[in-house]
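Asks: Below is the file model-v9.cif, with mmCIF, C-alpha atoms.
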```cif
data_start
loop_
_atom_site.label_atom_id
_atom_site.label_comp_id
_atom_site.auth_asym_id
_atom_site.auth_seq_id
_atom_site.Cartn_x
_atom_site.Cartn_y
_atom_site.Cartn_z
CA MET A 13 -60.32 -85.20 -146.42
CA ASP A 14 -56.60 -85.77 -146.00
CA ALA A 15 -54.56 -83.70 -143.53
CA LYS A 16 -52.12 -82.79 -146.29
CA SER A 17 -54.99 -81.19 -148.22
CA ILE A 18 -55.35 -78.54 -145.49
CA LYS A 19 -53.78 -75.40 -146.94
CA LYS A 20 -55.40 -72.59 -144.95
CA VAL A 21 -56.71 -72.48 -141.39
CA ALA A 22 -58.75 -70.16 -139.19
CA CYS A 23 -58.92 -69.27 -135.53
CA VAL A 24 -62.37 -68.07 -134.51
CA GLY A 25 -61.97 -66.25 -131.22
CA ALA A 26 -58.84 -64.13 -130.75
CA GLY A 27 -58.17 -64.47 -127.04
CA VAL A 28 -54.99 -65.90 -125.54
CA ILE A 29 -55.72 -69.45 -126.76
CA GLY A 30 -56.81 -68.40 -130.25
CA SER A 31 -53.82 -66.11 -130.66
CA SER A 32 -51.41 -68.74 -129.43
CA PHE A 33 -52.93 -71.35 -131.74
CA ALA A 34 -52.63 -68.92 -134.65
CA ALA A 35 -48.93 -68.46 -133.88
CA ASN A 36 -48.51 -72.24 -133.94
CA PHE A 37 -50.33 -72.60 -137.28
CA VAL A 38 -48.43 -69.82 -139.02
CA MET A 39 -45.06 -71.01 -137.67
CA LYS A 40 -45.72 -74.30 -139.42
CA GLY A 41 -46.34 -72.52 -142.70
CA TYR A 42 -50.14 -72.30 -142.79
CA PRO A 43 -51.84 -69.02 -143.77
CA VAL A 44 -54.15 -68.12 -140.88
CA VAL A 45 -57.33 -66.08 -140.64
CA ILE A 46 -58.14 -64.82 -137.14
CA CYS A 47 -61.79 -63.93 -136.76
CA ASP A 48 -63.33 -62.12 -133.79
CA ILE A 49 -66.28 -59.75 -133.37
CA ASP A 50 -64.14 -57.42 -131.21
CA GLU A 51 -61.68 -55.12 -133.01
CA LYS A 52 -59.80 -54.51 -129.77
CA GLN A 53 -59.36 -58.24 -129.25
CA LEU A 54 -57.95 -58.57 -132.77
CA ALA A 55 -55.46 -55.77 -132.10
CA GLU A 56 -54.35 -57.50 -128.90
CA ALA A 57 -54.04 -60.79 -130.79
CA LYS A 58 -51.74 -59.14 -133.32
CA GLN A 59 -49.52 -57.83 -130.53
CA TYR A 60 -49.55 -61.22 -128.78
CA ILE A 61 -48.51 -63.10 -131.92
CA GLU A 62 -45.73 -60.66 -132.77
CA LYS A 63 -44.45 -60.72 -129.19
CA ASN A 64 -44.30 -64.51 -129.07
CA LEU A 65 -42.67 -64.85 -132.49
CA LYS A 66 -39.99 -62.34 -131.45
CA TYR A 67 -39.45 -64.30 -128.25
CA LEU A 68 -38.95 -67.52 -130.23
CA ALA A 69 -36.49 -65.73 -132.52
CA GLU A 70 -34.54 -64.58 -129.45
CA LYS A 71 -34.39 -68.23 -128.37
CA ASN A 72 -33.26 -69.37 -131.85
CA VAL A 73 -36.37 -71.52 -132.36
CA ILE A 74 -37.13 -69.49 -135.49
CA THR A 75 -35.10 -66.78 -137.26
CA TRP A 76 -35.79 -63.07 -137.60
CA ASN A 77 -36.09 -63.64 -141.31
CA ASP A 78 -38.78 -66.28 -140.60
CA ILE A 79 -40.84 -63.61 -138.83
CA LYS A 80 -40.76 -61.39 -141.92
CA LYS A 81 -42.16 -64.28 -143.94
CA ILE A 82 -44.64 -65.39 -141.28
CA LEU A 83 -46.44 -62.19 -140.29
CA PRO A 84 -47.93 -61.43 -143.75
CA LYS A 85 -49.61 -64.85 -143.64
CA VAL A 86 -51.87 -63.77 -140.76
CA GLU A 87 -55.16 -62.03 -141.60
CA TYR A 88 -57.41 -60.37 -139.00
CA SER A 89 -61.13 -59.83 -139.52
CA THR A 90 -64.45 -59.23 -137.75
CA ASP A 91 -66.28 -60.76 -140.74
CA TYR A 92 -67.03 -64.50 -140.68
CA GLY A 93 -67.05 -64.30 -144.46
CA VAL A 94 -63.27 -64.73 -144.43
CA LEU A 95 -63.84 -68.40 -143.59
CA HIS A 96 -65.01 -69.22 -147.10
CA GLU A 97 -61.74 -70.82 -148.21
CA VAL A 98 -60.32 -72.46 -145.07
CA GLN A 99 -60.16 -76.21 -144.53
CA PHE A 100 -59.59 -76.31 -140.74
CA ILE A 101 -61.16 -74.06 -138.11
CA GLN A 102 -60.05 -73.82 -134.50
CA GLU A 103 -62.94 -72.41 -132.45
CA ASN A 104 -61.81 -70.64 -129.27
CA GLY A 105 -64.97 -69.14 -127.80
CA PRO A 106 -65.95 -68.82 -124.12
CA GLU A 107 -66.86 -71.93 -122.13
CA LYS A 108 -70.60 -71.50 -122.59
CA TYR A 109 -72.77 -73.74 -124.76
CA ALA A 110 -75.03 -70.88 -125.86
CA ILE A 111 -72.12 -68.84 -127.18
CA LYS A 112 -70.53 -71.81 -128.90
CA HIS A 113 -73.85 -72.63 -130.57
CA LEU A 114 -74.00 -69.10 -131.99
CA MET A 115 -70.38 -69.25 -133.14
CA LEU A 116 -70.90 -72.63 -134.77
CA GLU A 117 -73.97 -71.30 -136.59
CA GLN A 118 -71.93 -68.46 -138.07
CA ILE A 119 -69.01 -70.73 -138.92
CA GLU A 120 -71.24 -73.15 -140.80
CA LYS A 121 -72.92 -70.27 -142.61
CA HIS A 122 -69.63 -69.12 -144.16
CA ALA A 123 -67.11 -72.00 -144.13
CA PRO A 124 -66.91 -74.74 -146.79
CA GLU A 125 -69.13 -77.73 -146.01
CA ASN A 126 -66.15 -80.05 -145.66
CA ALA A 127 -64.13 -77.82 -143.33
CA ILE A 128 -63.24 -79.41 -139.99
CA ILE A 129 -64.37 -77.47 -136.92
CA ALA A 130 -62.27 -78.18 -133.83
CA SER A 131 -63.32 -76.69 -130.51
CA SER A 132 -60.74 -75.59 -127.95
CA THR A 133 -63.22 -76.18 -125.13
CA SER A 134 -61.46 -77.22 -121.93
CA GLY A 135 -64.22 -79.52 -120.78
CA LEU A 136 -67.61 -79.08 -122.46
CA ILE A 137 -69.24 -82.05 -124.17
CA ILE A 138 -68.63 -81.98 -127.94
CA SER A 139 -71.94 -83.66 -128.75
CA GLU A 140 -73.71 -80.87 -126.89
CA ILE A 141 -71.70 -78.16 -128.68
CA ALA A 142 -72.57 -79.71 -132.05
CA LYS A 143 -76.17 -80.68 -131.31
CA MET A 144 -77.67 -77.92 -133.47
CA ALA A 145 -75.01 -78.03 -136.19
CA LYS A 146 -75.97 -78.76 -139.78
CA HIS A 147 -72.92 -80.97 -140.08
CA PRO A 148 -72.13 -82.37 -136.61
CA GLU A 149 -70.02 -85.06 -138.28
CA ARG A 150 -67.29 -82.49 -138.97
CA CYS A 151 -67.16 -81.18 -135.37
CA ILE A 152 -64.52 -82.43 -132.97
CA GLY A 153 -62.84 -81.35 -129.76
CA GLY A 154 -59.26 -80.14 -130.09
CA HIS A 155 -58.40 -78.96 -126.60
CA PRO A 156 -54.91 -77.45 -126.18
CA TYR A 157 -52.88 -76.57 -123.09
CA ASN A 158 -51.69 -73.05 -122.47
CA PRO A 159 -49.69 -71.79 -124.27
CA PRO A 160 -50.68 -73.84 -127.36
CA HIS A 161 -47.79 -72.57 -129.51
CA LEU A 162 -45.41 -74.32 -127.08
CA ILE A 163 -47.21 -77.15 -125.27
CA PRO A 164 -47.78 -80.11 -127.63
CA LEU A 165 -50.69 -81.89 -125.90
CA ILE A 166 -54.10 -81.94 -127.62
CA ASP A 167 -57.16 -83.66 -126.14
CA LEU A 168 -58.86 -84.98 -129.29
CA VAL A 169 -62.49 -85.66 -128.46
CA ARG A 170 -65.07 -87.21 -130.77
CA GLY A 171 -68.73 -86.27 -130.46
CA GLU A 172 -71.49 -88.82 -131.01
CA LYS A 173 -71.71 -87.88 -134.70
CA THR A 174 -68.07 -87.06 -135.47
CA SER A 175 -67.08 -89.02 -138.56
CA ASP A 176 -64.11 -91.38 -138.65
CA GLU A 177 -62.67 -89.39 -141.53
CA VAL A 178 -62.77 -86.11 -139.60
CA ALA A 179 -61.26 -87.69 -136.48
CA GLN A 180 -58.37 -89.20 -138.45
CA CYS A 181 -57.77 -86.02 -140.43
CA ALA A 182 -57.72 -83.87 -137.28
CA TYR A 183 -55.34 -86.32 -135.59
CA ASP A 184 -52.99 -86.28 -138.57
CA PHE A 185 -53.17 -82.50 -138.92
CA TYR A 186 -52.25 -81.87 -135.28
CA GLN A 187 -49.33 -84.24 -135.70
CA LEU A 188 -48.17 -82.22 -138.73
CA LEU A 189 -48.14 -79.20 -136.39
CA GLY A 190 -45.81 -81.06 -134.02
CA LYS A 191 -48.61 -81.68 -131.53
CA GLU A 192 -49.13 -84.80 -129.43
CA PRO A 193 -52.84 -85.60 -129.80
CA ILE A 194 -54.40 -88.13 -127.45
CA ILE A 195 -57.73 -89.71 -128.38
CA ILE A 196 -60.55 -89.57 -125.82
CA LYS A 197 -62.51 -92.77 -126.40
CA LYS A 198 -65.51 -91.67 -124.32
CA GLU A 199 -66.90 -88.17 -123.78
CA VAL A 200 -66.37 -86.99 -120.19
CA PRO A 201 -66.40 -83.42 -118.81
CA GLY A 202 -62.85 -82.06 -118.55
CA PHE A 203 -61.26 -84.74 -120.75
CA ILE A 204 -57.97 -86.26 -119.48
CA ALA A 205 -55.35 -83.80 -118.26
CA ASN A 206 -57.84 -81.32 -116.82
CA ARG A 207 -59.50 -84.06 -114.79
CA LEU A 208 -56.11 -85.17 -113.48
CA GLN A 209 -55.28 -81.56 -112.61
CA MET A 210 -58.60 -81.10 -110.83
CA ALA A 211 -58.19 -84.26 -108.75
CA LEU A 212 -54.77 -83.07 -107.63
CA TYR A 213 -56.03 -79.52 -107.08
CA ARG A 214 -58.86 -80.75 -104.85
CA GLU A 215 -56.42 -82.63 -102.64
CA ALA A 216 -54.08 -79.61 -102.57
CA ALA A 217 -56.95 -77.34 -101.56
CA ASP A 218 -58.08 -79.78 -98.89
CA MET A 219 -54.64 -79.97 -97.31
CA VAL A 220 -54.39 -76.17 -97.19
CA MET A 221 -57.89 -75.84 -95.70
CA ARG A 222 -57.05 -78.51 -93.09
CA ASP A 223 -53.88 -76.52 -92.24
CA VAL A 224 -51.64 -79.43 -93.20
CA CYS A 225 -49.42 -77.06 -95.18
CA THR A 226 -49.35 -73.74 -97.04
CA VAL A 227 -50.11 -72.94 -100.68
CA GLU A 228 -46.39 -72.39 -101.22
CA ASP A 229 -45.57 -75.79 -99.71
CA ILE A 230 -47.92 -77.47 -102.19
CA ASP A 231 -46.24 -75.84 -105.17
CA LYS A 232 -42.77 -76.68 -103.87
CA ALA A 233 -43.79 -80.29 -103.28
CA LEU A 234 -44.90 -80.61 -106.91
CA VAL A 235 -42.13 -78.58 -108.57
CA PHE A 236 -39.25 -80.25 -106.74
CA GLY A 237 -40.83 -83.68 -106.38
CA PRO A 238 -43.11 -85.60 -108.74
CA GLY A 239 -43.45 -82.69 -111.17
CA LEU A 240 -39.83 -83.14 -112.24
CA ARG A 241 -40.39 -86.80 -113.07
CA TRP A 242 -43.84 -86.28 -114.59
CA ALA A 243 -42.47 -83.75 -117.07
CA LEU A 244 -40.20 -86.48 -118.41
CA LEU A 245 -42.04 -89.78 -117.94
CA GLY A 246 -45.65 -89.45 -116.74
CA VAL A 247 -47.17 -91.13 -113.70
CA PHE A 248 -47.35 -94.78 -114.84
CA ILE A 249 -43.78 -95.06 -116.14
CA CYS A 250 -42.57 -93.37 -112.93
CA PHE A 251 -44.30 -96.05 -110.88
CA GLU A 252 -42.96 -98.74 -113.22
CA LEU A 253 -39.42 -97.56 -112.42
CA SER A 254 -40.22 -97.27 -108.69
CA GLY A 255 -41.09 -100.96 -108.71
CA ALA A 256 -37.59 -101.80 -109.98
CA LYS A 257 -37.47 -105.33 -111.42
CA ALA A 258 -40.97 -106.06 -110.10
CA GLY A 259 -42.41 -103.16 -112.13
CA ILE A 260 -45.61 -101.31 -111.35
CA GLU A 261 -47.43 -104.54 -110.47
CA GLY A 262 -44.82 -105.32 -107.83
CA LEU A 263 -44.99 -101.77 -106.50
CA LEU A 264 -48.75 -102.04 -106.08
CA GLU A 265 -48.40 -105.44 -104.39
CA LYS A 266 -46.04 -103.85 -101.88
CA LEU A 267 -47.72 -100.48 -101.29
CA GLU A 268 -51.41 -101.01 -102.03
CA PRO A 269 -52.43 -101.52 -98.36
CA ALA A 270 -50.75 -98.25 -97.35
CA TRP A 271 -52.13 -96.41 -100.37
CA ASN A 272 -55.63 -97.61 -99.50
CA ASP A 273 -55.22 -96.01 -96.07
CA TRP A 274 -54.16 -92.74 -97.74
CA LEU A 275 -57.22 -92.79 -99.97
CA LYS A 276 -59.51 -93.05 -96.95
CA ASP A 277 -58.00 -89.82 -95.58
CA MET A 278 -58.05 -87.88 -98.86
CA ALA A 279 -60.60 -85.34 -100.05
CA ASP A 280 -63.72 -86.53 -101.80
CA TRP A 281 -65.92 -83.41 -101.55
CA LYS A 282 -67.82 -82.35 -104.68
CA ASP A 283 -67.91 -78.56 -104.19
CA PHE A 284 -65.12 -76.21 -103.22
CA PRO A 285 -65.31 -74.73 -99.68
CA SER A 286 -66.97 -71.31 -99.72
CA ASP A 287 -63.90 -69.51 -98.36
CA TRP A 288 -61.36 -71.26 -100.65
CA LYS A 289 -61.07 -68.37 -103.14
CA LYS A 290 -59.98 -65.92 -100.44
CA THR A 291 -57.69 -68.46 -98.79
CA VAL A 292 -55.89 -69.46 -101.98
CA GLN A 293 -55.42 -65.87 -103.18
CA GLU A 294 -53.80 -64.94 -99.89
CA GLY A 295 -51.59 -68.03 -100.16
CA VAL A 296 -50.53 -67.27 -103.73
CA ASN A 297 -49.79 -63.64 -102.84
CA ALA A 298 -47.48 -64.82 -100.06
CA GLU A 299 -45.83 -67.30 -102.40
CA LEU A 300 -45.23 -64.64 -105.05
CA ALA A 301 -43.55 -62.38 -102.50
CA ASN A 302 -41.22 -65.23 -101.48
CA ARG A 303 -40.10 -66.20 -104.99
CA GLU A 304 -36.50 -65.59 -106.00
CA PRO A 305 -36.40 -62.57 -108.35
CA GLN A 306 -34.80 -64.56 -111.20
CA PHE A 307 -37.85 -66.85 -111.28
CA GLY A 308 -40.32 -63.97 -111.43
CA ARG A 309 -42.58 -62.33 -108.89
CA ASN A 310 -45.26 -60.97 -111.24
CA HIS A 311 -47.25 -62.51 -114.08
CA GLU A 312 -45.11 -61.16 -116.92
CA ASP A 313 -41.81 -62.29 -115.39
CA ILE A 314 -43.18 -65.68 -114.39
CA ILE A 315 -44.50 -66.27 -117.91
CA ARG A 316 -41.03 -65.53 -119.26
CA PHE A 317 -39.48 -67.98 -116.78
CA ARG A 318 -42.16 -70.57 -117.63
CA ASP A 319 -41.62 -70.28 -121.37
CA ASP A 320 -37.82 -70.35 -121.07
CA SER A 321 -38.09 -73.53 -119.02
CA LEU A 322 -40.69 -75.10 -121.33
CA LEU A 323 -38.34 -74.67 -124.28
CA GLU A 324 -35.63 -76.65 -122.50
CA ILE A 325 -38.04 -79.48 -121.64
CA LEU A 326 -39.44 -79.50 -125.19
CA LYS A 327 -35.92 -79.78 -126.59
CA MET A 328 -35.38 -82.92 -124.50
CA HIS A 329 -38.57 -84.39 -125.98
CA ASN A 330 -37.55 -83.37 -129.55
CA LYS A 331 -40.66 -81.19 -129.81
CA LEU A 332 -38.99 -78.08 -131.19
#
```
Please render this file's structure as structure tokens.
Replies:
Amino acid sequence: MDAKSIKKVACVGAGVIGSSFAANFVMKGYPVVICDIDEKQLAEAKQYIEKNLKYLAEKNVITWNDIKKILPKVEYSTDYGVLHEVQFIQENGPEKYAIKHLMLEQIEKHAPENAIIASSTSGLIISEIAKMAKHPERCIGGHPYNPPHLIPLIDLVRGEKTSDEVAQCAYDFYQLLGKEPIIIKKEVPGFIANRLQMALYREAADMVMRDVCTVEDIDKALVFGPGLRWALLGVFICFELSGAKAGIEGLLEKLEPAWNDWLKDMADWKDFPSDWKKTVQEGVNAELANREPQFGRNHEDIIRFRDDSLLEILKMHNKL
């Protein structure tokens, strides 16, 4: 299969990720079928898609006339039978193998035998998801980052039986959507970005629990420090620049002894402390109360601020 032969797509699972993915697909001109067993979830998905398309029109990413053309291309259904003519399926079910096995069974029952099935799982093993599939060779991980209709990154993960043709087609198709797929060469729980986030989150939690700093201090340290550079360059290029003419190798030569001392003092526990949930919620509540009103103090306002800011960063990366 060639990526250009994909003419119609489906999102199975109409939660936030599925709805956001559907908005991305339809914005790029693909008719989309959204399938979910819950009528209420489908109704919420419809509202979510319309809300986000209107937001993008307000920001001049698309036009109001585009929305009139786009919305009729989205179909909503509780019947898996609507998958009979799609070529690419984005599965967005809960992070439980048992549920994904059931969803995959229904997808394979109704979809064409050559349709690609990409799972949005944020960390489950693709080989395990596809272990009972009739056609595991057409199953692949296509993990997005929230919100998928804005953030370009896709963790593209091959299972043990994923075919080369499917992997290449999925890679090319995500690129046609304006995504930035990265290929995971070896199956690991959590993939790439989520593992990086978790390593950082563990250290952040440890410093709060050791009373080194507050939850708000952690967020400020990231937002106004390395986060600014990471959004533009990533960690390795940042260190390359920090090494000046000597590059990253020279930087490591200079700082490795000190960094080794830091590592000895950093968290390496394998389970979160039992009282972390309560501690972090209290910390986040305090941080929310301290935020400047223009940056948002509740979820809805913060999402607006986040999306406004994401658009500016994406423009710099030529991703809009």
Asks: Pick out the residues sitting within 12 Å of region 310-325 of chain A, and hand them over as a PyMOL selection string; count all atoms listed in the file, and ignore anything fewer than 3 positions along from it in its own chain.
Replies: chain A and resi 63-64+67-68+70-73+158-164+240-245+296-297+299-307+328-332
Asks: Please write the residues picked by the PyMOL selection byres ((chain A and resi 120) around 10) on this file as a ChimeraX atom specification.
Replies: /A:92,95-96,115-119,121-127,129,145-147
Asks: Could you list, as JSON, numbers by chain, every residue within 10 Å of Ser17 (chain A), counting all atoms listed in the file and ignoring same-chain residues fewer than 4 positions away?
Replies: {"A": [13, 99, 181, 185]}
Asks: Given the selection you just returned, output its residues as a file containing C-alpha atoms, formatted as a PDB file, in the coordinates of the input.
Replies:
```
ATOM      1  CA  MET A  13     -60.320 -85.200-146.420  1.00  0.00           C
ATOM      2  CA  GLN A  99     -60.160 -76.210-144.530  1.00  0.00           C
ATOM      3  CA  CYS A 181     -57.770 -86.020-140.430  1.00  0.00           C
ATOM      4  CA  PHE A 185     -53.170 -82.500-138.920  1.00  0.00           C
TER       5      PHE A 185
END
```
Asks: Step by step, work through what the PyMOL selection byres ((chain A and resi 207-221) around 9) selects in the shown file, and finish by giving those residues as an mmCIF file with C-alpha atoms, in the frame of the given file.
Replies:
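Generated output (expr-v1.cif):
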```cif
data_model
loop_
_atom_site.group_PDB
_atom_site.id
_atom_site.type_symbol
_atom_site.label_atom_id
_atom_site.label_comp_id
_atom_site.auth_asym_id
_atom_site.auth_seq_id
_atom_site.Cartn_x
_atom_site.Cartn_y
_atom_site.Cartn_z
ATOM 1 C CA GLY A 135 -64.220 -79.520 -120.780
ATOM 2 C CA PRO A 201 -66.400 -83.420 -118.810
ATOM 3 C CA GLY A 202 -62.850 -82.060 -118.550
ATOM 4 C CA PHE A 203 -61.260 -84.740 -120.750
ATOM 5 C CA ILE A 204 -57.970 -86.260 -119.480
ATOM 6 C CA ALA A 205 -55.350 -83.800 -118.260
ATOM 7 C CA ASN A 206 -57.840 -81.320 -116.820
ATOM 8 C CA ARG A 222 -57.050 -78.510 -93.090
ATOM 9 C CA ASP A 223 -53.880 -76.520 -92.240
ATOM 10 C CA VAL A 224 -51.640 -79.430 -93.200
ATOM 11 C CA CYS A 225 -49.420 -77.060 -95.180
ATOM 12 C CA THR A 226 -49.350 -73.740 -97.040
ATOM 13 C CA VAL A 227 -50.110 -72.940 -100.680
ATOM 14 C CA ILE A 230 -47.920 -77.470 -102.190
ATOM 15 C CA MET A 278 -58.050 -87.880 -98.860
ATOM 16 C CA ALA A 279 -60.600 -85.340 -100.050
ATOM 17 C CA ASP A 280 -63.720 -86.530 -101.800
ATOM 18 C CA TRP A 281 -65.920 -83.410 -101.550
ATOM 19 C CA PHE A 284 -65.120 -76.210 -103.220
ATOM 20 C CA PRO A 285 -65.310 -74.730 -99.680
ATOM 21 C CA TRP A 288 -61.360 -71.260 -100.650
ATOM 22 C CA THR A 291 -57.690 -68.460 -98.790
ATOM 23 C CA VAL A 292 -55.890 -69.460 -101.980
#
```
Asks: For the structure shown, which residues end up in the PyMOL selection byres ((chain A and resi 29-41) around 10)? Put them as a ChimeraX atom specification, please?
Replies: /A:19-28,42-48,53-54,56-62,64-65,74,78-79,81-86,102-105,132,155-162,186,188-191
Asks: Here is a test: counting all atoms listed in the file, which residue of A:Leu264, A:Ala110, A:Leu168, A:Ile196 is nearest to Ala142 (chain A)?
Replies: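 Closest to Ala142 (chain A), using all atoms listed in the file: A:Ala110.
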Asks: In terms of the shortest atom-to-atom distance over all atoms listed in the file, which of A:Arg170, A:Asp91, A:Ser131, A:Glu177 is closest to Pro106 (chain A)?
Replies: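 Ranking A:Arg170, A:Asp91, A:Ser131, A:Glu177 by distance to Pro106 (chain A), first place goes to A:Ser131.
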Asks: Residues within 9 Å of Ile137 (chain A), please, as a list in words. Count all atoms listed in the file; anything in the same chain fewer than 6 positions from it doesn't count.
Replies: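 Listed by chain and then number, they are Gly153, Val169, Gly171, Glu199, Val200, Pro201 and Gly202 of chain A.
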Asks: Filtering to C-alpha atoms, could you give me those residues as a CSV table (one decimal), in the frame of the given file?
Replies:
```
chain,number,residue,atom,x,y,z
A,153,GLY,CA,-62.8,-81.4,-129.8
A,169,VAL,CA,-62.5,-85.7,-128.5
A,171,GLY,CA,-68.7,-86.3,-130.5
A,199,GLU,CA,-66.9,-88.2,-123.8
A,200,VAL,CA,-66.4,-87.0,-120.2
A,201,PRO,CA,-66.4,-83.4,-118.8
A,202,GLY,CA,-62.8,-82.1,-118.6
```
Asks: Which is closer to Ser89 (chain A) than all the others in A:Glu228, A:Glu261, A:Glu172, A:Glu51, using only C-alpha atoms?
Replies: A:Glu51
Asks: Between CA of Leu234 (chain A) and CA of Phe248 (chain A), what is the spacing in Å?
Replies: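 These two atoms are separated by 16.4 Å.
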Asks: Can you complete the atoms of region 215-237 of chain A to N, CA and C atoms and list them as a short mmCIF file (atom, residue, chain, number, x, y, z; two decimals), keeping the file's coordinate frame?
Replies:
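Result saved to part23.cif:
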```cif
data_model
loop_
_atom_site.label_atom_id
_atom_site.label_comp_id
_atom_site.auth_asym_id
_atom_site.auth_seq_id
_atom_site.Cartn_x
_atom_site.Cartn_y
_atom_site.Cartn_z
N GLU A 215 -57.19 -82.15 -103.78
CA GLU A 215 -56.42 -82.63 -102.64
C GLU A 215 -55.51 -81.53 -102.09
N ALA A 216 -54.92 -80.74 -103.00
CA ALA A 216 -54.08 -79.61 -102.57
C ALA A 216 -54.90 -78.62 -101.76
N ALA A 217 -56.09 -78.28 -102.27
CA ALA A 217 -56.95 -77.34 -101.56
C ALA A 217 -57.34 -77.89 -100.19
N ASP A 218 -57.66 -79.17 -100.14
CA ASP A 218 -58.08 -79.78 -98.89
C ASP A 218 -56.98 -79.74 -97.85
N MET A 219 -55.74 -80.01 -98.27
CA MET A 219 -54.64 -79.97 -97.31
C MET A 219 -54.39 -78.57 -96.78
N VAL A 220 -54.55 -77.56 -97.64
CA VAL A 220 -54.39 -76.17 -97.19
C VAL A 220 -55.51 -75.82 -96.21
N MET A 221 -56.75 -76.18 -96.56
CA MET A 221 -57.89 -75.84 -95.70
C MET A 221 -57.83 -76.58 -94.36
N ARG A 222 -57.21 -77.76 -94.34
CA ARG A 222 -57.05 -78.51 -93.09
C ARG A 222 -55.80 -78.07 -92.33
N ASP A 223 -55.09 -77.06 -92.86
CA ASP A 223 -53.88 -76.52 -92.24
C ASP A 223 -52.76 -77.56 -92.15
N VAL A 224 -52.73 -78.46 -93.11
CA VAL A 224 -51.64 -79.43 -93.20
C VAL A 224 -50.37 -78.73 -93.69
N CYS A 225 -50.55 -77.77 -94.60
CA CYS A 225 -49.42 -77.06 -95.18
C CYS A 225 -49.92 -75.77 -95.84
N THR A 226 -48.99 -74.99 -96.38
CA THR A 226 -49.35 -73.74 -97.04
C THR A 226 -49.49 -73.94 -98.55
N VAL A 227 -50.04 -72.94 -99.22
CA VAL A 227 -50.11 -72.94 -100.68
C VAL A 227 -48.71 -73.08 -101.27
N GLU A 228 -47.76 -72.34 -100.71
CA GLU A 228 -46.39 -72.39 -101.22
C GLU A 228 -45.78 -73.78 -101.05
N ASP A 229 -46.08 -74.43 -99.93
CA ASP A 229 -45.57 -75.79 -99.71
C ASP A 229 -46.07 -76.76 -100.78
N ILE A 230 -47.35 -76.62 -101.15
CA ILE A 230 -47.92 -77.47 -102.19
C ILE A 230 -47.16 -77.32 -103.50
N ASP A 231 -46.94 -76.07 -103.90
CA ASP A 231 -46.24 -75.84 -105.17
C ASP A 231 -44.81 -76.36 -105.12
N LYS A 232 -44.13 -76.16 -104.00
CA LYS A 232 -42.77 -76.68 -103.87
C LYS A 232 -42.76 -78.20 -103.94
N ALA A 233 -43.73 -78.83 -103.28
CA ALA A 233 -43.79 -80.29 -103.28
C ALA A 233 -43.92 -80.83 -104.70
N LEU A 234 -44.71 -80.16 -105.54
CA LEU A 234 -44.90 -80.61 -106.91
C LEU A 234 -43.70 -80.28 -107.80
N VAL A 235 -43.22 -79.03 -107.70
CA VAL A 235 -42.13 -78.58 -108.57
C VAL A 235 -40.85 -79.38 -108.33
N PHE A 236 -40.52 -79.60 -107.06
CA PHE A 236 -39.25 -80.25 -106.74
C PHE A 236 -39.39 -81.73 -106.42
N GLY A 237 -40.59 -82.26 -106.59
CA GLY A 237 -40.83 -83.68 -106.38
C GLY A 237 -41.36 -84.35 -107.63
#
```
